[in-house]
Amino acid sequence: MITLTDKAIKEVKRVMEDLPEATNTLLRVGVAGGGCSGFEYKLGFVEETEYSDKTHNKYEQNGLTVIVEKKAELFIDGTTIDWIEDLSKRGFSFNNPNATQSCGCGESFSV
């Protein structure tokens with residue numbers, strides 16, 4: 001399961017408000033090969049029609065629907081996504097208990 005903090009949910013909803021047709025929009029969390037540590041986190045919006053219970057897990061959190069590809073969840077199960085805003089960084093941060101190594105920016109990892 002992927003968990004978003006209240007601050008992360010608030011930021012995702014704020015961004016969604018700016019989307020022209022956000023009524024059937026889901027947040028997709030995934031991974032892709034790349035980055036300096038082997039895998040990198042991916043966040044994006046998709047239409048509800050792109051969800052398939054055969055290939056995705058679906059979670060509801062405070063009115064936000066999050067989908068994760070089942071094969072990606074093997075690498076990020078238990079991850080908490082937070083929204084950080086301070087003098088040195090502004091963006092989403094990932095606390096992944098499966099990561100054995102992370103890069104300095106926190107956007108890529110290895111398992």
# chains A, B, ... in the order shown; residues from 1 in each chain; ligands from 1
$ residues_around --residues "Ile81 in chain A" --least-positions-apart "5" --cutoff "7 Å" --atoms "only C-alpha atoms" --output "NGL selection string"
:A and (3-5 or 8 or 92-95)
$ write_last_selection --atoms "N, CA and C atoms" --output "compact mmCIF listing (two decimals), in the first residue's frame"
# COMPACT_ATOMS: atom_id res chain seq x y z
N THR A 3 0.97 5.29 0.89
CA THR A 3 0.29 6.24 1.75
C THR A 3 0.75 7.66 1.41
N LEU A 4 -0.18 8.58 1.34
CA LEU A 4 0.14 9.99 1.17
C LEU A 4 -0.17 10.71 2.46
N THR A 5 0.72 11.60 2.86
CA THR A 5 0.45 12.41 4.05
C THR A 5 -0.63 13.43 3.71
N ALA A 8 0.65 16.02 1.35
CA ALA A 8 0.76 15.54 -0.03
C ALA A 8 -0.61 15.51 -0.70
N PHE A 92 7.58 16.67 -3.77
CA PHE A 92 7.20 15.42 -3.12
C PHE A 92 8.44 14.67 -2.68
N SER A 93 8.34 14.04 -1.51
CA SER A 93 9.43 13.20 -1.03
C SER A 93 8.87 11.80 -0.79
N PHE A 94 9.73 10.81 -0.95
CA PHE A 94 9.32 9.42 -0.86
C PHE A 94 10.11 8.73 0.24
N ASN A 95 9.40 8.14 1.18
CA ASN A 95 10.03 7.34 2.23
C ASN A 95 9.69 5.89 1.92
$ residues_around --residues "Ile9 in chain A" --least-positions-apart "3" --cutoff "12 Å" --atoms "only C-alpha atoms" --output "list in words"
Thr3, Leu4, Thr5, Asp6, Val12, Lys13, Arg14, Val15, Met16, Leu27, Glu60, Gln61, Asn62, Gly63, Leu64, Thr65, Val66, Thr80, Ile81, Asp82, Trp83, Ile84 and Phe92 of chain A
$ atom_distance --atom1 "CA of Ile67 in chain A" --atom2 "CA of Tyr41 in chain A"
13.7 Å
$ residues_around --residues "range 53-56 of chain A" --least-positions-apart "3" --cutoff "12 Å" --atoms "only C-alpha atoms" --output "tab-separated table (two decimals) with all heavy atoms, in the first residue's frame"
chain	number	residue	atom	x	y	z
A	1	MET	N	0.84	-1.19	0.00
A	1	MET	CA	0.00	0.00	0.00
A	1	MET	C	0.88	1.25	0.00
A	1	MET	O	1.91	1.28	0.65
A	1	MET	CB	-0.91	-0.01	1.21
A	1	MET	CG	-1.79	1.18	1.30
A	1	MET	SD	-3.00	0.97	2.61
A	1	MET	CE	-3.82	2.52	2.47
A	26	LEU	N	-7.40	10.27	-11.74
A	26	LEU	CA	-6.78	9.50	-10.67
A	26	LEU	C	-5.30	9.85	-10.60
A	26	LEU	O	-4.70	10.23	-11.60
A	26	LEU	CB	-6.90	8.00	-10.95
A	26	LEU	CG	-8.28	7.45	-11.32
A	26	LEU	CD1	-8.17	5.97	-11.69
A	26	LEU	CD2	-9.26	7.65	-10.19
A	27	LEU	N	-4.71	9.71	-9.43
A	27	LEU	CA	-3.27	9.87	-9.28
A	27	LEU	C	-2.63	8.50	-9.48
A	27	LEU	O	-2.98	7.54	-8.80
A	27	LEU	CB	-2.92	10.40	-7.89
A	27	LEU	CG	-1.42	10.50	-7.58
A	27	LEU	CD1	-0.76	11.55	-8.48
A	27	LEU	CD2	-1.19	10.80	-6.12
A	28	ARG	N	-1.69	8.43	-10.42
A	28	ARG	CA	-0.96	7.18	-10.65
A	28	ARG	C	0.44	7.32	-10.07
A	28	ARG	O	1.15	8.26	-10.35
A	28	ARG	CB	-0.87	6.84	-12.13
A	28	ARG	CG	-0.09	5.54	-12.36
A	28	ARG	CD	-0.14	5.03	-13.77
A	28	ARG	NE	0.16	6.05	-14.74
A	28	ARG	CZ	-0.13	5.94	-16.03
A	28	ARG	NH1	-0.72	4.87	-16.50
A	28	ARG	NH2	0.18	6.91	-16.87
A	29	VAL	N	0.81	6.35	-9.23
A	29	VAL	CA	2.14	6.30	-8.63
A	29	VAL	C	2.84	5.08	-9.23
A	29	VAL	O	2.27	4.00	-9.27
A	29	VAL	CB	2.07	6.17	-7.10
A	29	VAL	CG1	3.46	6.10	-6.50
A	29	VAL	CG2	1.27	7.31	-6.49
A	30	GLY	N	4.07	5.28	-9.69
A	30	GLY	CA	4.78	4.16	-10.28
A	30	GLY	C	6.27	4.33	-10.21
A	30	GLY	O	6.78	5.25	-9.56
A	48	GLU	N	-9.86	7.88	-15.33
A	48	GLU	CA	-10.35	6.69	-14.66
A	48	GLU	C	-10.44	5.49	-15.62
A	48	GLU	O	-10.29	4.35	-15.21
A	48	GLU	CB	-11.72	6.97	-14.04
A	48	GLU	CG	-12.19	5.91	-13.10
A	48	GLU	CD	-13.41	6.31	-12.31
A	48	GLU	OE1	-13.75	7.50	-12.28
A	48	GLU	OE2	-14.02	5.42	-11.71
A	49	THR	N	-10.63	5.75	-16.90
A	49	THR	CA	-10.72	4.67	-17.88
A	49	THR	C	-9.40	3.91	-18.04
A	49	THR	O	-9.40	2.80	-18.55
A	49	THR	CB	-11.14	5.23	-19.26
A	49	THR	OG1	-10.22	6.25	-19.64
A	49	THR	CG2	-12.55	5.80	-19.22
A	50	GLU	N	-8.28	4.49	-17.60
A	50	GLU	CA	-6.99	3.82	-17.69
A	50	GLU	C	-6.75	2.82	-16.55
A	50	GLU	O	-5.80	2.05	-16.59
A	50	GLU	CB	-5.85	4.83	-17.72
A	50	GLU	CG	-5.85	5.66	-18.99
A	50	GLU	CD	-4.64	6.56	-19.09
A	50	GLU	OE1	-3.52	6.08	-18.80
A	50	GLU	OE2	-4.82	7.73	-19.44
A	59	TYR	N	-6.36	2.67	-4.24
A	59	TYR	CA	-6.49	3.08	-2.86
A	59	TYR	C	-7.26	4.39	-2.81
A	59	TYR	O	-7.09	5.25	-3.69
A	59	TYR	CB	-5.12	3.29	-2.20
A	59	TYR	CG	-4.22	2.08	-2.31
A	59	TYR	CD1	-3.18	2.03	-3.22
A	59	TYR	CD2	-4.45	0.96	-1.52
A	59	TYR	CE1	-2.36	0.91	-3.33
A	59	TYR	CE2	-3.65	-0.16	-1.62
A	59	TYR	CZ	-2.60	-0.18	-2.52
A	59	TYR	OH	-1.81	-1.29	-2.63
A	66	VAL	N	-5.91	6.80	-5.67
A	66	VAL	CA	-4.53	6.55	-6.07
A	66	VAL	C	-4.47	5.15	-6.68
A	66	VAL	O	-5.00	4.20	-6.09
A	66	VAL	CB	-3.58	6.62	-4.86
A	66	VAL	CG1	-2.14	6.36	-5.29
A	66	VAL	CG2	-3.71	7.96	-4.16
A	67	ILE	N	-3.84	5.04	-7.86
A	67	ILE	CA	-3.62	3.71	-8.45
A	67	ILE	C	-2.13	3.46	-8.58
A	67	ILE	O	-1.35	4.39	-8.79
A	67	ILE	CB	-4.35	3.54	-9.80
A	67	ILE	CG1	-3.80	4.48	-10.87
A	67	ILE	CG2	-5.84	3.69	-9.63
A	67	ILE	CD1	-4.31	4.18	-12.27
A	68	VAL	N	-1.77	2.18	-8.44
A	68	VAL	CA	-0.37	1.77	-8.53
A	68	VAL	C	-0.33	0.49	-9.37
A	68	VAL	O	-1.10	-0.44	-9.11
A	68	VAL	CB	0.22	1.47	-7.13
A	68	VAL	CG1	1.69	1.09	-7.23
A	68	VAL	CG2	0.03	2.65	-6.20
A	69	GLU	N	0.54	0.46	-10.38
A	69	GLU	CA	0.70	-0.77	-11.14
A	69	GLU	C	1.19	-1.86	-10.20
A	69	GLU	O	2.08	-1.64	-9.39
A	69	GLU	CB	1.70	-0.58	-12.28
A	69	GLU	CG	1.15	0.21	-13.43
A	69	GLU	CD	2.11	0.24	-14.61
A	69	GLU	OE1	2.99	-0.63	-14.72
A	69	GLU	OE2	1.95	1.16	-15.43
A	70	LYS	N	0.60	-3.04	-10.32
A	70	LYS	CA	0.93	-4.14	-9.41
A	70	LYS	C	2.41	-4.50	-9.47
A	70	LYS	O	3.03	-4.76	-8.44
A	70	LYS	CB	0.06	-5.35	-9.71
A	70	LYS	CG	-1.39	-5.13	-9.32
A	70	LYS	CD	-2.25	-6.33	-9.60
A	70	LYS	CE	-3.68	-6.03	-9.17
A	70	LYS	NZ	-4.57	-7.18	-9.37
A	71	LYS	N	3.01	-4.49	-10.66
A	71	LYS	CA	4.43	-4.85	-10.73
A	71	LYS	C	5.32	-3.76	-10.12
A	71	LYS	O	6.37	-4.05	-9.59
A	71	LYS	CB	4.85	-5.20	-12.15
A	71	LYS	CG	4.63	-4.13	-13.17
A	71	LYS	CD	4.98	-4.64	-14.56
A	71	LYS	CE	4.58	-3.62	-15.62
A	71	LYS	NZ	4.87	-4.10	-16.94
A	72	ALA	N	4.88	-2.51	-10.14
A	72	ALA	CA	5.65	-1.44	-9.51
A	72	ALA	C	5.52	-1.50	-7.99
A	72	ALA	O	6.46	-1.16	-7.27
A	72	ALA	CB	5.17	-0.08	-10.01
A	73	GLU	N	4.38	-1.96	-7.52
A	73	GLU	CA	4.16	-1.99	-6.08
A	73	GLU	C	5.12	-2.95	-5.37
A	73	GLU	O	5.42	-2.78	-4.19
A	73	GLU	CB	2.71	-2.34	-5.75
A	73	GLU	CG	2.38	-2.09	-4.31
A	73	GLU	CD	0.94	-1.72	-4.06
A	73	GLU	OE1	0.12	-1.78	-4.98
A	73	GLU	OE2	0.65	-1.35	-2.93
A	74	LEU	N	5.66	-3.90	-6.09
A	74	LEU	CA	6.67	-4.78	-5.51
A	74	LEU	C	7.86	-3.98	-4.99
A	74	LEU	O	8.50	-4.36	-4.02
A	74	LEU	CB	7.16	-5.80	-6.55
A	74	LEU	CG	6.13	-6.79	-7.07
A	74	LEU	CD1	6.70	-7.56	-8.25
A	74	LEU	CD2	5.69	-7.73	-5.97
$ closest_residue --among "A:Ser52, A:Lys7, A:Phe39, A:Gly44" --to "Asn96 in chain A" --atoms "only C-alpha atoms"
A:Phe39
$ select_by_dssp --residues "chain A" --states "helix (DSSP H, G or I)" --output "VMD selection string"
chain A and resid 6 to 17 22 to 24 48 to 50 70 to 76
$ write_last_selection --atoms "N, CA and C atoms" --output "PDB file, in the first residue's frame"
ATOM      1  N   ASP A   6      -1.184  14.051   4.744  1.00  0.00           N
ATOM      2  CA  ASP A   6      -2.209  15.075   4.530  1.00  0.00           C
ATOM      3  C   ASP A   6      -1.684  16.217   3.666  1.00  0.00           C
ATOM      4  N   LYS A   7      -0.412  16.602   3.879  1.00  0.00           N
ATOM      5  CA  LYS A   7       0.171  17.685   3.073  1.00  0.00           C
ATOM      6  C   LYS A   7       0.286  17.271   1.609  1.00  0.00           C
ATOM      7  N   ALA A   8       0.652  16.021   1.350  1.00  0.00           N
ATOM      8  CA  ALA A   8       0.762  15.543  -0.026  1.00  0.00           C
ATOM      9  C   ALA A   8      -0.611  15.507  -0.697  1.00  0.00           C
ATOM     10  N   ILE A   9      -1.615  15.024   0.016  1.00  0.00           N
ATOM     11  CA  ILE A   9      -2.973  14.978  -0.533  1.00  0.00           C
ATOM     12  C   ILE A   9      -3.453  16.386  -0.855  1.00  0.00           C
ATOM     13  N   LYS A  10      -3.204  17.319   0.044  1.00  0.00           N
ATOM     14  CA  LYS A  10      -3.622  18.712  -0.177  1.00  0.00           C
ATOM     15  C   LYS A  10      -2.968  19.277  -1.440  1.00  0.00           C
ATOM     16  N   GLU A  11      -1.686  18.988  -1.646  1.00  0.00           N
ATOM     17  CA  GLU A  11      -0.981  19.496  -2.825  1.00  0.00           C
ATOM     18  C   GLU A  11      -1.505  18.838  -4.103  1.00  0.00           C
ATOM     19  N   VAL A  12      -1.738  17.539  -4.077  1.00  0.00           N
ATOM     20  CA  VAL A  12      -2.278  16.851  -5.264  1.00  0.00           C
ATOM     21  C   VAL A  12      -3.643  17.431  -5.616  1.00  0.00           C
ATOM     22  N   LYS A  13      -4.499  17.623  -4.627  1.00  0.00           N
ATOM     23  CA  LYS A  13      -5.826  18.186  -4.885  1.00  0.00           C
ATOM     24  C   LYS A  13      -5.727  19.612  -5.422  1.00  0.00           C
ATOM     25  N   ARG A  14      -4.754  20.379  -4.933  1.00  0.00           N
ATOM     26  CA  ARG A  14      -4.567  21.749  -5.429  1.00  0.00           C
ATOM     27  C   ARG A  14      -4.203  21.723  -6.908  1.00  0.00           C
ATOM     28  N   VAL A  15      -3.306  20.848  -7.293  1.00  0.00           N
ATOM     29  CA  VAL A  15      -2.904  20.725  -8.691  1.00  0.00           C
ATOM     30  C   VAL A  15      -4.082  20.244  -9.540  1.00  0.00           C
ATOM     31  N   MET A  16      -4.851  19.308  -9.013  1.00  0.00           N
ATOM     32  CA  MET A  16      -5.994  18.777  -9.752  1.00  0.00           C
ATOM     33  C   MET A  16      -7.042  19.845 -10.037  1.00  0.00           C
ATOM     34  N   GLU A  17      -7.174  20.819  -9.134  1.00  0.00           N
ATOM     35  CA  GLU A  17      -8.134  21.902  -9.341  1.00  0.00           C
ATOM     36  C   GLU A  17      -7.824  22.693 -10.608  1.00  0.00           C
ATOM     37  N   ALA A  22     -10.943  17.448 -14.258  1.00  0.00           N
ATOM     38  CA  ALA A  22     -10.402  16.615 -13.190  1.00  0.00           C
ATOM     39  C   ALA A  22     -11.460  15.749 -12.510  1.00  0.00           C
ATOM     40  N   THR A  23     -12.659  15.681 -13.049  1.00  0.00           N
ATOM     41  CA  THR A  23     -13.722  14.932 -12.372  1.00  0.00           C
ATOM     42  C   THR A  23     -13.476  13.429 -12.373  1.00  0.00           C
ATOM     43  N   ASN A  24     -12.846  12.883 -13.392  1.00  0.00           N
ATOM     44  CA  ASN A  24     -12.573  11.445 -13.472  1.00  0.00           C
ATOM     45  C   ASN A  24     -11.071  11.175 -13.474  1.00  0.00           C
ATOM     46  N   GLU A  48      -9.856   7.885 -15.328  1.00  0.00           N
ATOM     47  CA  GLU A  48     -10.353   6.685 -14.663  1.00  0.00           C
ATOM     48  C   GLU A  48     -10.443   5.494 -15.622  1.00  0.00           C
ATOM     49  N   THR A  49     -10.625   5.753 -16.897  1.00  0.00           N
ATOM     50  CA  THR A  49     -10.717   4.671 -17.883  1.00  0.00           C
ATOM     51  C   THR A  49      -9.402   3.911 -18.040  1.00  0.00           C
ATOM     52  N   GLU A  50      -8.282   4.487 -17.597  1.00  0.00           N
ATOM     53  CA  GLU A  50      -6.988   3.816 -17.692  1.00  0.00           C
ATOM     54  C   GLU A  50      -6.755   2.821 -16.548  1.00  0.00           C
ATOM     55  N   LYS A  70       0.602  -3.039 -10.322  1.00  0.00           N
ATOM     56  CA  LYS A  70       0.929  -4.137  -9.408  1.00  0.00           C
ATOM     57  C   LYS A  70       2.408  -4.501  -9.469  1.00  0.00           C
ATOM     58  N   LYS A  71       3.011  -4.492 -10.655  1.00  0.00           N
ATOM     59  CA  LYS A  71       4.428  -4.849 -10.732  1.00  0.00           C
ATOM     60  C   LYS A  71       5.318  -3.758 -10.123  1.00  0.00           C
ATOM     61  N   ALA A  72       4.882  -2.512 -10.140  1.00  0.00           N
ATOM     62  CA  ALA A  72       5.649  -1.437  -9.506  1.00  0.00           C
ATOM     63  C   ALA A  72       5.519  -1.500  -7.990  1.00  0.00           C
ATOM     64  N   GLU A  73       4.383  -1.965  -7.522  1.00  0.00           N
ATOM     65  CA  GLU A  73       4.160  -1.992  -6.077  1.00  0.00           C
ATOM     66  C   GLU A  73       5.124  -2.947  -5.375  1.00  0.00           C
ATOM     67  N   LEU A  74       5.658  -3.896  -6.095  1.00  0.00           N
ATOM     68  CA  LEU A  74       6.669  -4.782  -5.514  1.00  0.00           C
ATOM     69  C   LEU A  74       7.860  -3.984  -4.991  1.00  0.00           C
ATOM     70  N   PHE A  75       8.166  -2.870  -5.653  1.00  0.00           N
ATOM     71  CA  PHE A  75       9.325  -2.051  -5.293  1.00  0.00           C
ATOM     72  C   PHE A  75       8.996  -0.918  -4.317  1.00  0.00           C
ATOM     73  N   ILE A  76       7.710  -0.521  -4.260  1.00  0.00           N
ATOM     74  CA  ILE A  76       7.363   0.661  -3.471  1.00  0.00           C
ATOM     75  C   ILE A  76       6.287   0.409  -2.423  1.00  0.00           C
TER      76      ILE A  76
END
$ select_by_dssp --residues "chain A" --states "strand (DSSP E or B)" --output "count of residues only"
51
$ atom_distance --atom1 "CA of Leu87 in chain A" --atom2 "CA of Leu19 in chain A"
27.5 Å
$ atom_distance --atom1 "CA of Ala99 in chain A" --atom2 "CA of Asn57 in chain A"
20.3 Å
